[in-house]
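Q: Next comes final.pdb, PDB, C-alpha atoms:
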```pdb
ATOM      1  CA  MET A   1     102.115 124.487 102.623  1.00  0.00           C
ATOM      2  CA  THR A   2     105.786 123.926 101.888  1.00  0.00           C
ATOM      3  CA  GLY A   3     107.201 120.538 101.039  1.00  0.00           C
ATOM      4  CA  HIS A   4     109.314 120.674 104.186  1.00  0.00           C
ATOM      5  CA  THR A   5     106.240 121.156 106.394  1.00  0.00           C
ATOM      6  CA  LEU A   6     104.392 118.353 104.650  1.00  0.00           C
ATOM      7  CA  ASN A   7     107.345 116.004 105.141  1.00  0.00           C
ATOM      8  CA  ILE A   8     107.512 116.902 108.840  1.00  0.00           C
ATOM      9  CA  LEU A   9     103.806 116.042 109.197  1.00  0.00           C
ATOM     10  CA  ALA A  10     104.386 112.747 107.385  1.00  0.00           C
ATOM     11  CA  LEU A  11     107.300 111.902 109.699  1.00  0.00           C
ATOM     12  CA  ILE A  12     105.116 112.662 112.728  1.00  0.00           C
ATOM     13  CA  TRP A  13     102.428 110.382 111.266  1.00  0.00           C
ATOM     14  CA  ILE A  14     105.004 107.609 110.823  1.00  0.00           C
ATOM     15  CA  ALA A  15     106.111 108.077 114.433  1.00  0.00           C
ATOM     16  CA  VAL A  16     102.491 107.781 115.591  1.00  0.00           C
ATOM     17  CA  ALA A  17     102.193 104.492 113.675  1.00  0.00           C
ATOM     18  CA  LEU A  18     105.328 103.054 115.273  1.00  0.00           C
ATOM     19  CA  ILE A  19     104.247 104.188 118.751  1.00  0.00           C
ATOM     20  CA  THR A  20     100.770 102.726 118.222  1.00  0.00           C
ATOM     21  CA  LEU A  21     102.019  99.346 116.967  1.00  0.00           C
ATOM     22  CA  PRO A  22     102.844  97.825 120.407  1.00  0.00           C
ATOM     23  CA  PHE A  23      99.341  98.692 121.639  1.00  0.00           C
ATOM     24  CA  LEU A  24      97.703  97.189 118.539  1.00  0.00           C
ATOM     25  CA  LEU A  25      99.706  94.005 119.116  1.00  0.00           C
ATOM     26  CA  ARG A  26      98.228  93.726 122.617  1.00  0.00           C
ATOM     27  CA  ILE A  27      94.617  94.746 121.901  1.00  0.00           C
ATOM     28  CA  THR A  28      92.401  92.710 119.587  1.00  0.00           C
ATOM     29  CA  GLN A  29      90.759  95.133 117.193  1.00  0.00           C
ATOM     30  CA  PRO A  30      86.979  94.546 117.003  1.00  0.00           C
ATOM     31  CA  TYR A  31      86.670  93.797 113.300  1.00  0.00           C
ATOM     32  CA  GLY A  32      84.552  90.955 111.925  1.00  0.00           C
ATOM     33  CA  ARG A  33      84.695  87.887 114.170  1.00  0.00           C
ATOM     34  CA  HIS A  34      86.226  90.006 116.955  1.00  0.00           C
ATOM     35  CA  ALA A  35      83.449  92.631 117.024  1.00  0.00           C
ATOM     36  CA  SER A  36      81.888  93.184 120.433  1.00  0.00           C
ATOM     37  CA  LYS A  37      79.283  95.435 122.036  1.00  0.00           C
ATOM     38  CA  LYS A  38      81.765  96.252 124.790  1.00  0.00           C
ATOM     39  CA  TRP A  39      83.273  98.756 122.346  1.00  0.00           C
ATOM     40  CA  GLY A  40      80.064 100.809 122.404  1.00  0.00           C
ATOM     41  CA  PRO A  41      77.197 101.385 119.933  1.00  0.00           C
ATOM     42  CA  MET A  42      77.207  99.194 116.840  1.00  0.00           C
ATOM     43  CA  LEU A  43      76.488  99.884 113.191  1.00  0.00           C
ATOM     44  CA  SER A  44      75.649  97.665 110.230  1.00  0.00           C
ATOM     45  CA  ASN A  45      78.914  96.144 109.000  1.00  0.00           C
ATOM     46  CA  SER A  46      78.370  96.981 105.321  1.00  0.00           C
ATOM     47  CA  LEU A  47      77.224 100.542 106.037  1.00  0.00           C
ATOM     48  CA  GLY A  48      80.130 100.997 108.432  1.00  0.00           C
ATOM     49  CA  TRP A  49      82.599  99.985 105.720  1.00  0.00           C
ATOM     50  CA  VAL A  50      81.201 102.575 103.315  1.00  0.00           C
ATOM     51  CA  ILE A  51      81.226 105.370 105.893  1.00  0.00           C
ATOM     52  CA  GLN A  52      84.735 104.666 107.160  1.00  0.00           C
ATOM     53  CA  GLU A  53      86.398 104.160 103.766  1.00  0.00           C
ATOM     54  CA  LEU A  54      84.735 107.006 101.846  1.00  0.00           C
ATOM     55  CA  PRO A  55      86.808 109.821 103.446  1.00  0.00           C
ATOM     56  CA  SER A  56      90.028 108.478 101.926  1.00  0.00           C
ATOM     57  CA  PRO A  57      89.141 109.027  98.232  1.00  0.00           C
ATOM     58  CA  LEU A  58      87.119 112.137  99.054  1.00  0.00           C
ATOM     59  CA  PHE A  59      89.888 113.925 100.940  1.00  0.00           C
ATOM     60  CA  LEU A  60      92.641 112.720  98.614  1.00  0.00           C
ATOM     61  CA  SER A  61      90.701 114.195  95.689  1.00  0.00           C
ATOM     62  CA  LEU A  62      89.783 117.386  97.562  1.00  0.00           C
ATOM     63  CA  PHE A  63      93.365 118.261  98.434  1.00  0.00           C
ATOM     64  CA  PHE A  64      94.679 117.007  95.105  1.00  0.00           C
ATOM     65  CA  PHE A  65      92.379 119.350  93.152  1.00  0.00           C
ATOM     66  CA  MET A  66      92.938 122.214  95.608  1.00  0.00           C
ATOM     67  CA  GLY A  67      96.675 121.932  95.116  1.00  0.00           C
ATOM     68  CA  THR A  68      98.254 124.692  93.091  1.00  0.00           C
ATOM     69  CA  GLY A  69     101.167 122.706  91.710  1.00  0.00           C
ATOM     70  CA  GLU A  70     101.621 121.271  88.260  1.00  0.00           C
ATOM     71  CA  LYS A  71      99.761 117.992  87.731  1.00  0.00           C
ATOM     72  CA  PRO A  72     101.480 115.974  85.024  1.00  0.00           C
ATOM     73  CA  ALA A  73     100.281 112.570  83.837  1.00  0.00           C
ATOM     74  CA  GLY A  74     102.242 110.737  86.541  1.00  0.00           C
ATOM     75  CA  ALA A  75     100.428 112.601  89.323  1.00  0.00           C
ATOM     76  CA  TRP A  76      97.067 111.810  87.740  1.00  0.00           C
ATOM     77  CA  PHE A  77      98.094 108.173  87.382  1.00  0.00           C
ATOM     78  CA  LEU A  78      98.904 107.861  91.105  1.00  0.00           C
ATOM     79  CA  TRP A  79      95.654 109.616  91.985  1.00  0.00           C
ATOM     80  CA  GLY A  80      93.845 107.151  89.719  1.00  0.00           C
ATOM     81  CA  LEU A  81      95.410 104.089  91.363  1.00  0.00           C
ATOM     82  CA  TRP A  82      94.340 105.332  94.805  1.00  0.00           C
ATOM     83  CA  MET A  83      90.818 105.976  93.507  1.00  0.00           C
ATOM     84  CA  LEU A  84      90.565 102.532  91.889  1.00  0.00           C
ATOM     85  CA  HIS A  85      91.534 100.833  95.144  1.00  0.00           C
ATOM     86  CA  TYR A  86      88.985 102.807  97.143  1.00  0.00           C
ATOM     87  CA  LEU A  87      86.253 102.451  94.525  1.00  0.00           C
ATOM     88  CA  ASN A  88      86.497  98.750  95.242  1.00  0.00           C
ATOM     89  CA  ARG A  89      86.977  99.085  98.996  1.00  0.00           C
ATOM     90  CA  THR A  90      84.237 101.702  99.498  1.00  0.00           C
ATOM     91  CA  LEU A  91      81.484 100.705  97.068  1.00  0.00           C
ATOM     92  CA  ILE A  92      82.073  97.246  95.574  1.00  0.00           C
ATOM     93  CA  TYR A  93      83.472  95.266  98.507  1.00  0.00           C
ATOM     94  CA  PRO A  94      80.650  96.148 100.974  1.00  0.00           C
ATOM     95  CA  LEU A  95      78.118  94.922  98.409  1.00  0.00           C
ATOM     96  CA  ARG A  96      79.961  91.626  97.933  1.00  0.00           C
ATOM     97  CA  ILE A  97      80.470  90.588 101.543  1.00  0.00           C
ATOM     98  CA  ARG A  98      77.825  88.367 103.126  1.00  0.00           C
ATOM     99  CA  THR A  99      77.551  89.941 106.542  1.00  0.00           C
ATOM    100  CA  ARG A 100      73.803  90.388 107.012  1.00  0.00           C
ATOM    101  CA  GLY A 101      73.103  90.985 110.675  1.00  0.00           C
ATOM    102  CA  LYS A 102      76.743  91.598 111.553  1.00  0.00           C
ATOM    103  CA  LYS A 103      77.808  94.807 113.227  1.00  0.00           C
ATOM    104  CA  ILE A 104      80.889  96.980 113.561  1.00  0.00           C
ATOM    105  CA  PRO A 105      81.514  99.303 116.523  1.00  0.00           C
ATOM    106  CA  MET A 106      80.935 102.970 115.720  1.00  0.00           C
ATOM    107  CA  LEU A 107      84.172 103.703 117.590  1.00  0.00           C
ATOM    108  CA  ILE A 108      86.091 101.760 114.925  1.00  0.00           C
ATOM    109  CA  VAL A 109      84.236 103.592 112.148  1.00  0.00           C
ATOM    110  CA  LEU A 110      85.055 106.987 113.682  1.00  0.00           C
ATOM    111  CA  SER A 111      88.712 106.114 114.205  1.00  0.00           C
ATOM    112  CA  ALA A 112      88.919 104.880 110.595  1.00  0.00           C
ATOM    113  CA  ILE A 113      87.433 108.167 109.376  1.00  0.00           C
ATOM    114  CA  CYS A 114      90.190 110.090 111.172  1.00  0.00           C
ATOM    115  CA  PHE A 115      92.821 107.674 109.855  1.00  0.00           C
ATOM    116  CA  ASN A 116      91.603 108.005 106.274  1.00  0.00           C
ATOM    117  CA  PHE A 117      91.358 111.779 106.557  1.00  0.00           C
ATOM    118  CA  VAL A 118      95.031 112.090 107.523  1.00  0.00           C
ATOM    119  CA  ASN A 119      96.204 109.726 104.791  1.00  0.00           C
ATOM    120  CA  GLY A 120      94.030 111.415 102.189  1.00  0.00           C
ATOM    121  CA  TYR A 121      95.190 114.850 103.325  1.00  0.00           C
ATOM    122  CA  LEU A 122      98.915 114.066 103.274  1.00  0.00           C
ATOM    123  CA  ASN A 123      98.912 112.274  99.936  1.00  0.00           C
ATOM    124  CA  GLY A 124      96.398 114.606  98.308  1.00  0.00           C
ATOM    125  CA  CYS A 125      98.454 117.644  99.311  1.00  0.00           C
ATOM    126  CA  TYR A 126     101.625 116.069  98.003  1.00  0.00           C
ATOM    127  CA  LEU A 127     100.178 115.014  94.647  1.00  0.00           C
ATOM    128  CA  GLY A 128      98.314 118.318  94.263  1.00  0.00           C
ATOM    129  CA  ASN A 129     101.198 120.621  95.136  1.00  0.00           C
ATOM    130  CA  PHE A 130     104.360 118.680  94.295  1.00  0.00           C
ATOM    131  CA  GLY A 131     103.156 116.471  91.465  1.00  0.00           C
ATOM    132  CA  MET A 132     105.800 117.926  89.160  1.00  0.00           C
ATOM    133  CA  ALA A 133     108.015 115.150  90.555  1.00  0.00           C
ATOM    134  CA  TYR A 134     106.012 112.785  88.322  1.00  0.00           C
ATOM    135  CA  GLY A 135     106.587 114.654  85.089  1.00  0.00           C
ATOM    136  CA  GLU A 136     108.707 113.727  82.107  1.00  0.00           C
ATOM    137  CA  GLY A 137     110.511 110.446  82.559  1.00  0.00           C
ATOM    138  CA  PHE A 138     108.334 109.159  85.403  1.00  0.00           C
ATOM    139  CA  PHE A 139     106.805 106.296  83.408  1.00  0.00           C
ATOM    140  CA  SER A 140     110.251 105.059  82.385  1.00  0.00           C
ATOM    141  CA  SER A 141     111.834 105.528  85.819  1.00  0.00           C
ATOM    142  CA  ALA A 142     113.012 102.653  88.010  1.00  0.00           C
ATOM    143  CA  GLN A 143     110.566 103.606  90.764  1.00  0.00           C
ATOM    144  CA  PHE A 144     107.633 103.251  88.365  1.00  0.00           C
ATOM    145  CA  LEU A 145     108.860 100.080  86.641  1.00  0.00           C
ATOM    146  CA  ILE A 146     109.415  98.403  90.011  1.00  0.00           C
ATOM    147  CA  GLY A 147     106.527  99.883  91.958  1.00  0.00           C
ATOM    148  CA  LEU A 148     103.710  99.309  89.462  1.00  0.00           C
ATOM    149  CA  PRO A 149     104.161  95.506  89.198  1.00  0.00           C
ATOM    150  CA  VAL A 150     104.396  95.309  93.003  1.00  0.00           C
ATOM    151  CA  PHE A 151     101.162  97.330  93.296  1.00  0.00           C
ATOM    152  CA  ILE A 152      99.375  95.147  90.735  1.00  0.00           C
ATOM    153  CA  ILE A 153     100.546  91.894  92.344  1.00  0.00           C
ATOM    154  CA  GLY A 154      99.363  93.122  95.746  1.00  0.00           C
ATOM    155  CA  ALA A 155      95.977  94.215  94.362  1.00  0.00           C
ATOM    156  CA  VAL A 156      95.450  90.848  92.642  1.00  0.00           C
ATOM    157  CA  ILE A 157      96.369  88.917  95.803  1.00  0.00           C
ATOM    158  CA  ASN A 158      94.110  91.144  97.912  1.00  0.00           C
ATOM    159  CA  ASN A 159      91.057  90.893  95.671  1.00  0.00           C
ATOM    160  CA  TYR A 160      91.454  87.190  94.832  1.00  0.00           C
ATOM    161  CA  SER A 161      91.794  86.351  98.527  1.00  0.00           C
ATOM    162  CA  ASP A 162      88.732  88.460  99.348  1.00  0.00           C
ATOM    163  CA  THR A 163      86.809  86.524  96.687  1.00  0.00           C
ATOM    164  CA  LEU A 164      87.847  83.179  98.183  1.00  0.00           C
ATOM    165  CA  LEU A 165      86.736  84.336 101.632  1.00  0.00           C
ATOM    166  CA  ILE A 166      83.399  85.653 100.351  1.00  0.00           C
ATOM    167  CA  ASN A 167      82.694  82.403  98.505  1.00  0.00           C
ATOM    168  CA  LEU A 168      83.451  80.221 101.534  1.00  0.00           C
ATOM    169  CA  ARG A 169      79.814  80.562 102.563  1.00  0.00           C
ATOM    170  CA  LYS A 170      76.981  79.659 100.279  1.00  0.00           C
ATOM    171  CA  PRO A 171      74.015  82.072 100.258  1.00  0.00           C
ATOM    172  CA  GLY A 172      72.174  81.770 103.555  1.00  0.00           C
ATOM    173  CA  GLU A 173      75.031  80.021 105.354  1.00  0.00           C
ATOM    174  CA  THR A 174      76.460  81.377 108.592  1.00  0.00           C
ATOM    175  CA  GLY A 175      79.495  80.525 110.670  1.00  0.00           C
ATOM    176  CA  TYR A 176      83.164  80.260 109.779  1.00  0.00           C
ATOM    177  CA  LYS A 177      85.133  77.762 107.731  1.00  0.00           C
ATOM    178  CA  ILE A 178      88.823  77.126 107.136  1.00  0.00           C
ATOM    179  CA  PRO A 179      89.726  79.131 104.013  1.00  0.00           C
ATOM    180  CA  VAL A 180      91.517  77.296 101.211  1.00  0.00           C
ATOM    181  CA  GLY A 181      93.001  78.121  97.826  1.00  0.00           C
ATOM    182  CA  GLY A 182      95.533  80.667  96.632  1.00  0.00           C
ATOM    183  CA  LEU A 183      97.941  81.904  99.272  1.00  0.00           C
ATOM    184  CA  PHE A 184      95.704  80.497 101.997  1.00  0.00           C
ATOM    185  CA  LYS A 185      97.900  77.428 101.572  1.00  0.00           C
ATOM    186  CA  TYR A 186     100.708  79.384 103.207  1.00  0.00           C
ATOM    187  CA  ILE A 187      99.169  82.153 105.337  1.00  0.00           C
ATOM    188  CA  SER A 188      95.944  82.824 107.234  1.00  0.00           C
ATOM    189  CA  CYS A 189      95.286  86.302 105.808  1.00  0.00           C
ATOM    190  CA  PRO A 190      96.573  86.708 102.240  1.00  0.00           C
ATOM    191  CA  ASN A 191      94.021  89.483 101.776  1.00  0.00           C
ATOM    192  CA  HIS A 192      95.949  91.548 104.323  1.00  0.00           C
ATOM    193  CA  PHE A 193      99.295  90.475 102.838  1.00  0.00           C
ATOM    194  CA  GLY A 194      98.096  91.619  99.412  1.00  0.00           C
ATOM    195  CA  GLU A 195      97.043  95.019 100.712  1.00  0.00           C
ATOM    196  CA  ILE A 196     100.421  95.509 102.379  1.00  0.00           C
ATOM    197  CA  VAL A 197     102.215  94.606  99.135  1.00  0.00           C
ATOM    198  CA  GLU A 198      99.882  96.891  97.181  1.00  0.00           C
ATOM    199  CA  TRP A 199     100.666 100.005  99.222  1.00  0.00           C
ATOM    200  CA  LEU A 200     104.374  99.208  99.331  1.00  0.00           C
ATOM    201  CA  GLY A 201     104.212  99.239  95.537  1.00  0.00           C
ATOM    202  CA  PHE A 202     102.425 102.593  95.609  1.00  0.00           C
ATOM    203  CA  ALA A 203     105.067 104.012  97.959  1.00  0.00           C
ATOM    204  CA  ILE A 204     107.871 102.786  95.675  1.00  0.00           C
ATOM    205  CA  MET A 205     106.196 104.489  92.721  1.00  0.00           C
ATOM    206  CA  ALA A 206     105.456 107.736  94.549  1.00  0.00           C
ATOM    207  CA  MET A 207     108.732 107.867  96.510  1.00  0.00           C
ATOM    208  CA  SER A 208     107.257 110.455  98.873  1.00  0.00           C
ATOM    209  CA  LEU A 209     107.112 110.536 102.657  1.00  0.00           C
ATOM    210  CA  PRO A 210     103.291 110.771 102.635  1.00  0.00           C
ATOM    211  CA  ALA A 211     103.074 107.611 100.512  1.00  0.00           C
ATOM    212  CA  TRP A 212     105.563 105.781 102.739  1.00  0.00           C
ATOM    213  CA  SER A 213     103.677 106.924 105.832  1.00  0.00           C
ATOM    214  CA  PHE A 214     100.541 105.224 104.488  1.00  0.00           C
ATOM    215  CA  ALA A 215     102.455 102.039 103.643  1.00  0.00           C
ATOM    216  CA  ILE A 216     103.955 101.948 107.141  1.00  0.00           C
ATOM    217  CA  TRP A 217     100.553 102.554 108.724  1.00  0.00           C
ATOM    218  CA  THR A 218      99.085  99.755 106.602  1.00  0.00           C
ATOM    219  CA  ILE A 219     101.741  97.385 107.946  1.00  0.00           C
ATOM    220  CA  CYS A 220     101.284  98.528 111.547  1.00  0.00           C
ATOM    221  CA  ASN A 221      97.498  98.268 111.298  1.00  0.00           C
ATOM    222  CA  LEU A 222      97.118  94.974 109.432  1.00  0.00           C
ATOM    223  CA  ILE A 223      99.823  92.789 110.953  1.00  0.00           C
ATOM    224  CA  PRO A 224      98.281  92.890 114.481  1.00  0.00           C
ATOM    225  CA  ARG A 225      94.839  92.129 113.002  1.00  0.00           C
ATOM    226  CA  THR A 226      96.314  89.231 111.054  1.00  0.00           C
ATOM    227  CA  LEU A 227      98.049  87.788 114.099  1.00  0.00           C
ATOM    228  CA  ASP A 228      94.749  87.935 116.010  1.00  0.00           C
ATOM    229  CA  ASN A 229      92.926  86.179 113.157  1.00  0.00           C
ATOM    230  CA  HIS A 230      95.630  83.506 112.936  1.00  0.00           C
ATOM    231  CA  LYS A 231      95.398  82.855 116.661  1.00  0.00           C
ATOM    232  CA  TRP A 232      91.594  82.658 116.403  1.00  0.00           C
ATOM    233  CA  TYR A 233      91.759  80.098 113.592  1.00  0.00           C
ATOM    234  CA  LEU A 234      94.146  77.913 115.597  1.00  0.00           C
ATOM    235  CA  GLN A 235      91.836  78.034 118.617  1.00  0.00           C
ATOM    236  CA  LYS A 236      88.599  77.609 116.644  1.00  0.00           C
ATOM    237  CA  PHE A 237      89.637  74.706 114.411  1.00  0.00           C
ATOM    238  CA  PRO A 238      91.611  71.780 115.917  1.00  0.00           C
ATOM    239  CA  ASP A 239      92.468  70.626 112.376  1.00  0.00           C
ATOM    240  CA  TYR A 240      93.695  74.034 111.211  1.00  0.00           C
ATOM    241  CA  PRO A 241      96.895  73.601 109.145  1.00  0.00           C
ATOM    242  CA  LYS A 242      99.756  74.089 111.607  1.00  0.00           C
ATOM    243  CA  GLU A 243     102.241  74.888 108.844  1.00  0.00           C
ATOM    244  CA  ARG A 244     100.403  78.076 107.870  1.00  0.00           C
ATOM    245  CA  LYS A 245     101.956  81.350 108.913  1.00  0.00           C
ATOM    246  CA  ALA A 246      99.877  84.424 109.672  1.00  0.00           C
ATOM    247  CA  VAL A 247     100.676  87.092 107.087  1.00  0.00           C
ATOM    248  CA  ILE A 248     104.077  86.566 105.410  1.00  0.00           C
ATOM    249  CA  PRO A 249     104.642  83.147 103.785  1.00  0.00           C
ATOM    250  CA  PHE A 250     107.282  81.051 105.600  1.00  0.00           C
ATOM    251  CA  VAL A 251     108.204  84.014 107.849  1.00  0.00           C
ATOM    252  CA  LEU A 252     105.443  85.390 110.153  1.00  0.00           C
TER     253      LEU A 252
END
```
Can you give me the file's structure in the form of structure tokens?

A:
Amino acid sequence: MTGHTLNILALIWIAVALITLPFLLRITQPYGRHASKKWGPMLSNSLGWVIQELPSPLFLSLFFFMGTGEKPAGAWFLWGLWMLHYLNRTLIYPLRIRTRGKKIPMLIVLSAICFNFVNGYLNGCYLGNFGMAYGEGFFSSAQFLIGLPVFIIGAVINNYSDTLLINLRKPGETGYKIPVGGLFKYISCPNHFGEIVEWLGFAIMAMSLPAWSFAIWTICNLIPRTLDNHKWYLQKFPDYPKERKAVIPFVL
């Protein structure tokens, strides 16, 4: 595949994200507290997470290793960052969450598999065939020196916020509580904010259309979910802090 063809596919994928966004803003996605049997057969939440997230690192690696281009240290570094994120998201996170008895619709799992396949394919193909862009000088380039701190900050926010959410319930407890600590002082879903920041940092480092397509999809996918969660908190808890925004501190 030529770079031109790959970029065209990435642009189409970005267009799909932007077209899908208005629908996601109108339809509450059945994750977590919003899960419902009306979406069809259900699956264990933890198992569903593993199944739906696993295709991303698998397909990224498959197309990365199948690529015939040069693979300098910078390309391996970007591959490694993707793998580290999904090692946590696919294997560690599902073991940490306390969701015994909770379900996720199989429709969501299947759609996530398709989503992760496309993202893994586009970015794996790019890194595997055009990784020479990350050769000599990459680690001293502006895109790396700016993008890596942004990625790290986003990953720290994401994982710290996940930890605060997981520890809201003591073992054996059920139900929901108002989350506190960290960026929860300012926004309802800092875990989503952190993931958005993380993949923006990756896109800045990679400076490729496939990487930017994933960052844009992350924004289009998570902001509607965050707005739904924020609305739910306000309805569920009369004493919920009114000054909190949903996903971007002081803005949205």

Q: If we count all atoms listed in the file, what is near A:Leu18 at a cut-off of 9 Å, once residues fewer than 5 positions away on the same chain are taken out, given as an MDAnalysis selection string?

A: chainID A and resid 13 216:217 220

Q: To one decimal place, how far is atom CA of A:Gly175 from atom CA of A:Leu107 in Å?

A: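 Atom CA of A:Gly175 sits 24.6 Å away from atom CA of A:Leu107.
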
Q: Can you work out the spacing between atom CA of A:Ile248 and atom CA of A:Gly182 in Å, to one decimal?

A: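 We find that atom CA of A:Ile248 and atom CA of A:Gly182 lie 13.6 Å from each other.
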
Q: Output the residue selection produced by the PyMOL selection byres ((chain A and resi 144) around 12) on the file above, formatted as a PDB file with C-alpha atoms, keeping the file's coordinate frame.

A:
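Wrote it out as expr-v1.pdb, contents follow:
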```pdb
ATOM      1  CA  GLY A  74     102.242 110.737  86.541  1.00  0.00           C
ATOM      2  CA  ALA A  75     100.428 112.601  89.323  1.00  0.00           C
ATOM      3  CA  PHE A  77      98.094 108.173  87.382  1.00  0.00           C
ATOM      4  CA  LEU A  78      98.904 107.861  91.105  1.00  0.00           C
ATOM      5  CA  TYR A 134     106.012 112.785  88.322  1.00  0.00           C
ATOM      6  CA  GLY A 135     106.587 114.654  85.089  1.00  0.00           C
ATOM      7  CA  GLY A 137     110.511 110.446  82.559  1.00  0.00           C
ATOM      8  CA  PHE A 138     108.334 109.159  85.403  1.00  0.00           C
ATOM      9  CA  PHE A 139     106.805 106.296  83.408  1.00  0.00           C
ATOM     10  CA  SER A 140     110.251 105.059  82.385  1.00  0.00           C
ATOM     11  CA  SER A 141     111.834 105.528  85.819  1.00  0.00           C
ATOM     12  CA  ALA A 142     113.012 102.653  88.010  1.00  0.00           C
ATOM     13  CA  GLN A 143     110.566 103.606  90.764  1.00  0.00           C
ATOM     14  CA  LEU A 145     108.860 100.080  86.641  1.00  0.00           C
ATOM     15  CA  ILE A 146     109.415  98.403  90.011  1.00  0.00           C
ATOM     16  CA  GLY A 147     106.527  99.883  91.958  1.00  0.00           C
ATOM     17  CA  LEU A 148     103.710  99.309  89.462  1.00  0.00           C
ATOM     18  CA  PRO A 149     104.161  95.506  89.198  1.00  0.00           C
ATOM     19  CA  VAL A 150     104.396  95.309  93.003  1.00  0.00           C
ATOM     20  CA  PHE A 151     101.162  97.330  93.296  1.00  0.00           C
ATOM     21  CA  ILE A 152      99.375  95.147  90.735  1.00  0.00           C
ATOM     22  CA  GLY A 201     104.212  99.239  95.537  1.00  0.00           C
ATOM     23  CA  PHE A 202     102.425 102.593  95.609  1.00  0.00           C
ATOM     24  CA  ALA A 203     105.067 104.012  97.959  1.00  0.00           C
ATOM     25  CA  ILE A 204     107.871 102.786  95.675  1.00  0.00           C
ATOM     26  CA  MET A 205     106.196 104.489  92.721  1.00  0.00           C
ATOM     27  CA  ALA A 206     105.456 107.736  94.549  1.00  0.00           C
ATOM     28  CA  MET A 207     108.732 107.867  96.510  1.00  0.00           C
TER      29      MET A 207
END
```

Q: Hey, what's within 12 Å of A:Met66 if we count all atoms listed in the file and toss same-chain stuff fewer than 4 positions away? As number ranges by chain, please?

A: A: 1, 59-62, 70-71, 121, 124-129

Q: Please produce a file of the residues just selected, as a PDB file, in the frame of the given file, where the atoms kept are C-alpha atoms.

A:
```pdb
ATOM      1  CA  MET A   1     102.115 124.487 102.623  1.00  0.00           C
ATOM      2  CA  PHE A  59      89.888 113.925 100.940  1.00  0.00           C
ATOM      3  CA  LEU A  60      92.641 112.720  98.614  1.00  0.00           C
ATOM      4  CA  SER A  61      90.701 114.195  95.689  1.00  0.00           C
ATOM      5  CA  LEU A  62      89.783 117.386  97.562  1.00  0.00           C
ATOM      6  CA  GLU A  70     101.621 121.271  88.260  1.00  0.00           C
ATOM      7  CA  LYS A  71      99.761 117.992  87.731  1.00  0.00           C
ATOM      8  CA  TYR A 121      95.190 114.850 103.325  1.00  0.00           C
ATOM      9  CA  GLY A 124      96.398 114.606  98.308  1.00  0.00           C
ATOM     10  CA  CYS A 125      98.454 117.644  99.311  1.00  0.00           C
ATOM     11  CA  TYR A 126     101.625 116.069  98.003  1.00  0.00           C
ATOM     12  CA  LEU A 127     100.178 115.014  94.647  1.00  0.00           C
ATOM     13  CA  GLY A 128      98.314 118.318  94.263  1.00  0.00           C
ATOM     14  CA  ASN A 129     101.198 120.621  95.136  1.00  0.00           C
TER      15      ASN A 129
END
```
